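J.: PDB, C-alpha atoms, saved as coords.pdb, coming up:
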```pdb
ATOM      1  CA  MET I  20       1.173  10.636  -3.839  1.00  0.00           C
ATOM      2  CA  GLN I  21      -1.486   9.506  -6.271  1.00  0.00           C
ATOM      3  CA  THR I  22      -4.580   7.725  -5.018  1.00  0.00           C
ATOM      4  CA  ILE I  23      -5.814   4.488  -6.570  1.00  0.00           C
ATOM      5  CA  SER I  24      -8.584   2.029  -5.817  1.00  0.00           C
ATOM      6  CA  ILE I  25      -7.707  -1.130  -3.926  1.00  0.00           C
ATOM      7  CA  LYS I  26      -8.790  -3.346  -6.826  1.00  0.00           C
ATOM      8  CA  LYS I  27      -6.788  -1.407  -9.423  1.00  0.00           C
ATOM      9  CA  PHE I  28      -3.693  -1.450  -7.201  1.00  0.00           C
ATOM     10  CA  ALA I  29      -4.128  -5.197  -6.633  1.00  0.00           C
ATOM     11  CA  ASP I  30      -4.535  -5.797 -10.374  1.00  0.00           C
ATOM     12  CA  MET I  31      -1.382  -3.817 -11.211  1.00  0.00           C
ATOM     13  CA  THR I  32       0.646  -5.485  -8.464  1.00  0.00           C
ATOM     14  CA  ALA I  33      -0.487  -9.014  -9.337  1.00  0.00           C
ATOM     15  CA  LYS I  34       0.199  -8.428 -13.043  1.00  0.00           C
ATOM     16  CA  ALA I  35       3.743  -7.242 -12.310  1.00  0.00           C
ATOM     17  CA  ASN I  36       4.411  -9.915  -9.662  1.00  0.00           C
ATOM     18  CA  LYS I  37       3.141 -13.338 -10.724  1.00  0.00           C
ATOM     19  CA  ASP I  38       3.701 -14.789  -7.234  1.00  0.00           C
ATOM     20  CA  VAL I  39       1.198 -12.353  -5.647  1.00  0.00           C
ATOM     21  CA  ASN I  40      -2.242 -13.737  -4.814  1.00  0.00           C
ATOM     22  CA  ARG I  41      -4.621 -10.954  -5.839  1.00  0.00           C
ATOM     23  CA  GLU I  42      -7.399 -11.884  -3.398  1.00  0.00           C
ATOM     24  CA  GLU I  43      -4.998 -12.101  -0.443  1.00  0.00           C
ATOM     25  CA  LEU I  44      -3.526  -8.738  -1.433  1.00  0.00           C
ATOM     26  CA  ILE I  45      -6.991  -7.158  -1.572  1.00  0.00           C
ATOM     27  CA  ARG I  46      -7.708  -8.398   1.963  1.00  0.00           C
ATOM     28  CA  ALA I  47      -4.348  -7.055   3.174  1.00  0.00           C
ATOM     29  CA  LEU I  48      -4.981  -3.703   1.480  1.00  0.00           C
ATOM     30  CA  GLN I  49      -8.426  -3.409   3.064  1.00  0.00           C
ATOM     31  CA  ALA I  50      -7.007  -4.196   6.510  1.00  0.00           C
ATOM     32  CA  SER I  51      -4.084  -1.817   6.061  1.00  0.00           C
ATOM     33  CA  LEU I  52      -6.309   1.023   4.863  1.00  0.00           C
ATOM     34  CA  ALA I  53      -8.653   0.480   7.812  1.00  0.00           C
ATOM     35  CA  ALA I  54      -5.677   0.560  10.178  1.00  0.00           C
ATOM     36  CA  LYS I  55      -4.474   3.824   8.613  1.00  0.00           C
ATOM     37  CA  LYS I  56      -7.940   5.373   8.960  1.00  0.00           C
ATOM     38  CA  ASN I  57      -7.920   4.291  12.615  1.00  0.00           C
ATOM     39  CA  GLY I  58      -4.641   6.108  13.227  1.00  0.00           C
ATOM     40  CA  ALA I  59      -1.996   3.398  12.737  1.00  0.00           C
ATOM     41  CA  LYS I  60       1.508   4.834  12.943  1.00  0.00           C
ATOM     42  CA  CYS I  61       4.826   3.816  11.416  1.00  0.00           C
ATOM     43  CA  ILE I  62       6.696   1.455  13.722  1.00  0.00           C
ATOM     44  CA  VAL I  63       9.941   3.298  12.940  1.00  0.00           C
ATOM     45  CA  CYS I  64       9.149   7.024  13.046  1.00  0.00           C
ATOM     46  CA  GLY I  65       5.542   7.387  14.208  1.00  0.00           C
ATOM     47  CA  ALA I  66       4.205   8.992  11.012  1.00  0.00           C
ATOM     48  CA  PRO I  67       0.915   7.757   9.530  1.00  0.00           C
ATOM     49  CA  ILE I  68       1.368   4.474   7.692  1.00  0.00           C
ATOM     50  CA  TRP I  69       1.499   4.065   3.920  1.00  0.00           C
ATOM     51  CA  ALA I  70      -1.399   1.635   3.508  1.00  0.00           C
ATOM     52  CA  ALA I  71      -0.337   0.295   0.090  1.00  0.00           C
ATOM     53  CA  GLY I  72       3.226  -0.417   1.192  1.00  0.00           C
ATOM     54  CA  SER I  73       2.180  -1.751   4.570  1.00  0.00           C
ATOM     55  CA  ALA I  74      -0.161  -4.261   2.908  1.00  0.00           C
ATOM     56  CA  VAL I  75       2.585  -5.496   0.583  1.00  0.00           C
ATOM     57  CA  THR I  76       5.269  -5.766   3.273  1.00  0.00           C
ATOM     58  CA  GLY I  77       3.037  -6.823   6.143  1.00  0.00           C
ATOM     59  CA  THR I  78       4.559  -4.154   8.390  1.00  0.00           C
ATOM     60  CA  ASN I  79       3.003  -0.823   9.416  1.00  0.00           C
ATOM     61  CA  MET I  80       5.446   1.716   8.055  1.00  0.00           C
ATOM     62  CA  CYS I  81       5.267   5.103   6.338  1.00  0.00           C
ATOM     63  CA  PHE I  82       6.382   5.643   2.751  1.00  0.00           C
ATOM     64  CA  THR I  83       9.810   7.023   3.658  1.00  0.00           C
ATOM     65  CA  CYS I  84      10.665   4.271   6.145  1.00  0.00           C
ATOM     66  CA  THR I  85       9.472   1.602   3.692  1.00  0.00           C
ATOM     67  CA  THR I  86      11.297   2.897   0.614  1.00  0.00           C
ATOM     68  CA  GLY I  87      14.066   5.101   1.973  1.00  0.00           C
ATOM     69  CA  GLU I  88      12.808   7.851  -0.347  1.00  0.00           C
ATOM     70  CA  ALA I  89      11.255  11.200   0.577  1.00  0.00           C
ATOM     71  CA  ASP I  90       9.526  11.931  -2.771  1.00  0.00           C
ATOM     72  CA  ASP I  91       6.293   9.965  -3.049  1.00  0.00           C
ATOM     73  CA  SER I  92       4.915  11.867  -6.075  1.00  0.00           C
ATOM     74  CA  GLU I  93       5.386   8.893  -8.403  1.00  0.00           C
ATOM     75  CA  ASP I  94       3.824   6.332  -6.049  1.00  0.00           C
ATOM     76  CA  TYR I  95       0.307   5.233  -5.141  1.00  0.00           C
ATOM     77  CA  GLU I  96      -1.796   5.148  -2.013  1.00  0.00           C
ATOM     78  CA  VAL I  97      -4.999   3.129  -1.858  1.00  0.00           C
ATOM     79  CA  GLU I  98      -8.317   4.790  -1.143  1.00  0.00           C
TER      80      GLU I  98
END
```
I need this file expressed as structure tokens, please.
T.:
Amino acid sequence: MQTISIKKFADMTAKANKDVNREELIRALQASLAAKKNGAKCIVCGAPIWAAGSAVTGTNMCFTCTTGEADDSEDYEVE
């Protein structure tokens, strides 16, 4: 998984999804990253959460439980 800044991730996401409010997404990303750093676990399997995905979906889940994929090499995680 590649790391990316919160602001860059928010910019990319808002550009690709015109209905996304960039400032709200930044707040959600900050909260999700803080939760991950404080040990938040996936509600499905108990693995550490994927902060970027959890912020977008509003649910604390890991990458695999969010996407159904095991290979996260092409995806981002906020730092």
J.: Kindly resolve the PyMOL selection byres ((chain I and resi 64-80) around 9) on the present coordinates and return the residues as a ChimeraX atom specification.
T.: /I:25,28,44-55,58-63,81-86,95-98
J.: Deliver the residues from the most recent selection as a file, using C-alpha atoms, as a compact mmCIF listing (two decimals), keeping the file's coordinate frame.
T.:
```txt
# COMPACT_ATOMS: atom_id res chain seq x y z
CA ILE I 25 -7.71 -1.13 -3.93
CA PHE I 28 -3.69 -1.45 -7.20
CA LEU I 44 -3.53 -8.74 -1.43
CA ILE I 45 -6.99 -7.16 -1.57
CA ARG I 46 -7.71 -8.40 1.96
CA ALA I 47 -4.35 -7.06 3.17
CA LEU I 48 -4.98 -3.70 1.48
CA GLN I 49 -8.43 -3.41 3.06
CA ALA I 50 -7.01 -4.20 6.51
CA SER I 51 -4.08 -1.82 6.06
CA LEU I 52 -6.31 1.02 4.86
CA ALA I 53 -8.65 0.48 7.81
CA ALA I 54 -5.68 0.56 10.18
CA LYS I 55 -4.47 3.82 8.61
CA GLY I 58 -4.64 6.11 13.23
CA ALA I 59 -2.00 3.40 12.74
CA LYS I 60 1.51 4.83 12.94
CA CYS I 61 4.83 3.82 11.42
CA ILE I 62 6.70 1.46 13.72
CA VAL I 63 9.94 3.30 12.94
CA CYS I 81 5.27 5.10 6.34
CA PHE I 82 6.38 5.64 2.75
CA THR I 83 9.81 7.02 3.66
CA CYS I 84 10.66 4.27 6.14
CA THR I 85 9.47 1.60 3.69
CA THR I 86 11.30 2.90 0.61
CA TYR I 95 0.31 5.23 -5.14
CA GLU I 96 -1.80 5.15 -2.01
CA VAL I 97 -5.00 3.13 -1.86
CA GLU I 98 -8.32 4.79 -1.14
```
J.: What does the distance from atom CA of Glu42 of chain I to atom CA of Ala29 of chain I come to in Å, to one decimal?
T.: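 We find that atom CA of Glu42 of chain I and atom CA of Ala29 of chain I lie 8.1 Å from each other.
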J.: Report, in Å to a single decimal, how far apart atom CA of Asp94 of chain I and atom CA of Gln21 of chain I are.
T.: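 So the two atoms, atom CA of Gln21 of chain I and atom CA of Asp94 of chain I, lie 6.2 Å apart.
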J.: How big is the axis-aligned box, and where does its centre sit, when it encloses all atoms of segment 77-91 of chain I listed in the file and has 6 Å added on every side, reported in Å to one decimal as lines of an AutoDock Vina configuration file?
T.:
```
center_x = 8.5
center_y = 2.6
center_z = 3.2
size_x = 23.1
size_y = 30.8
size_z = 24.5
```
J.: Go ahead and compute the interatomic distance for atom CA of Ala35 of chain I and atom CA of Thr22 of chain I, in Å to one decimal.
T.: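 Here the two named atoms are 18.6 Å from each other.
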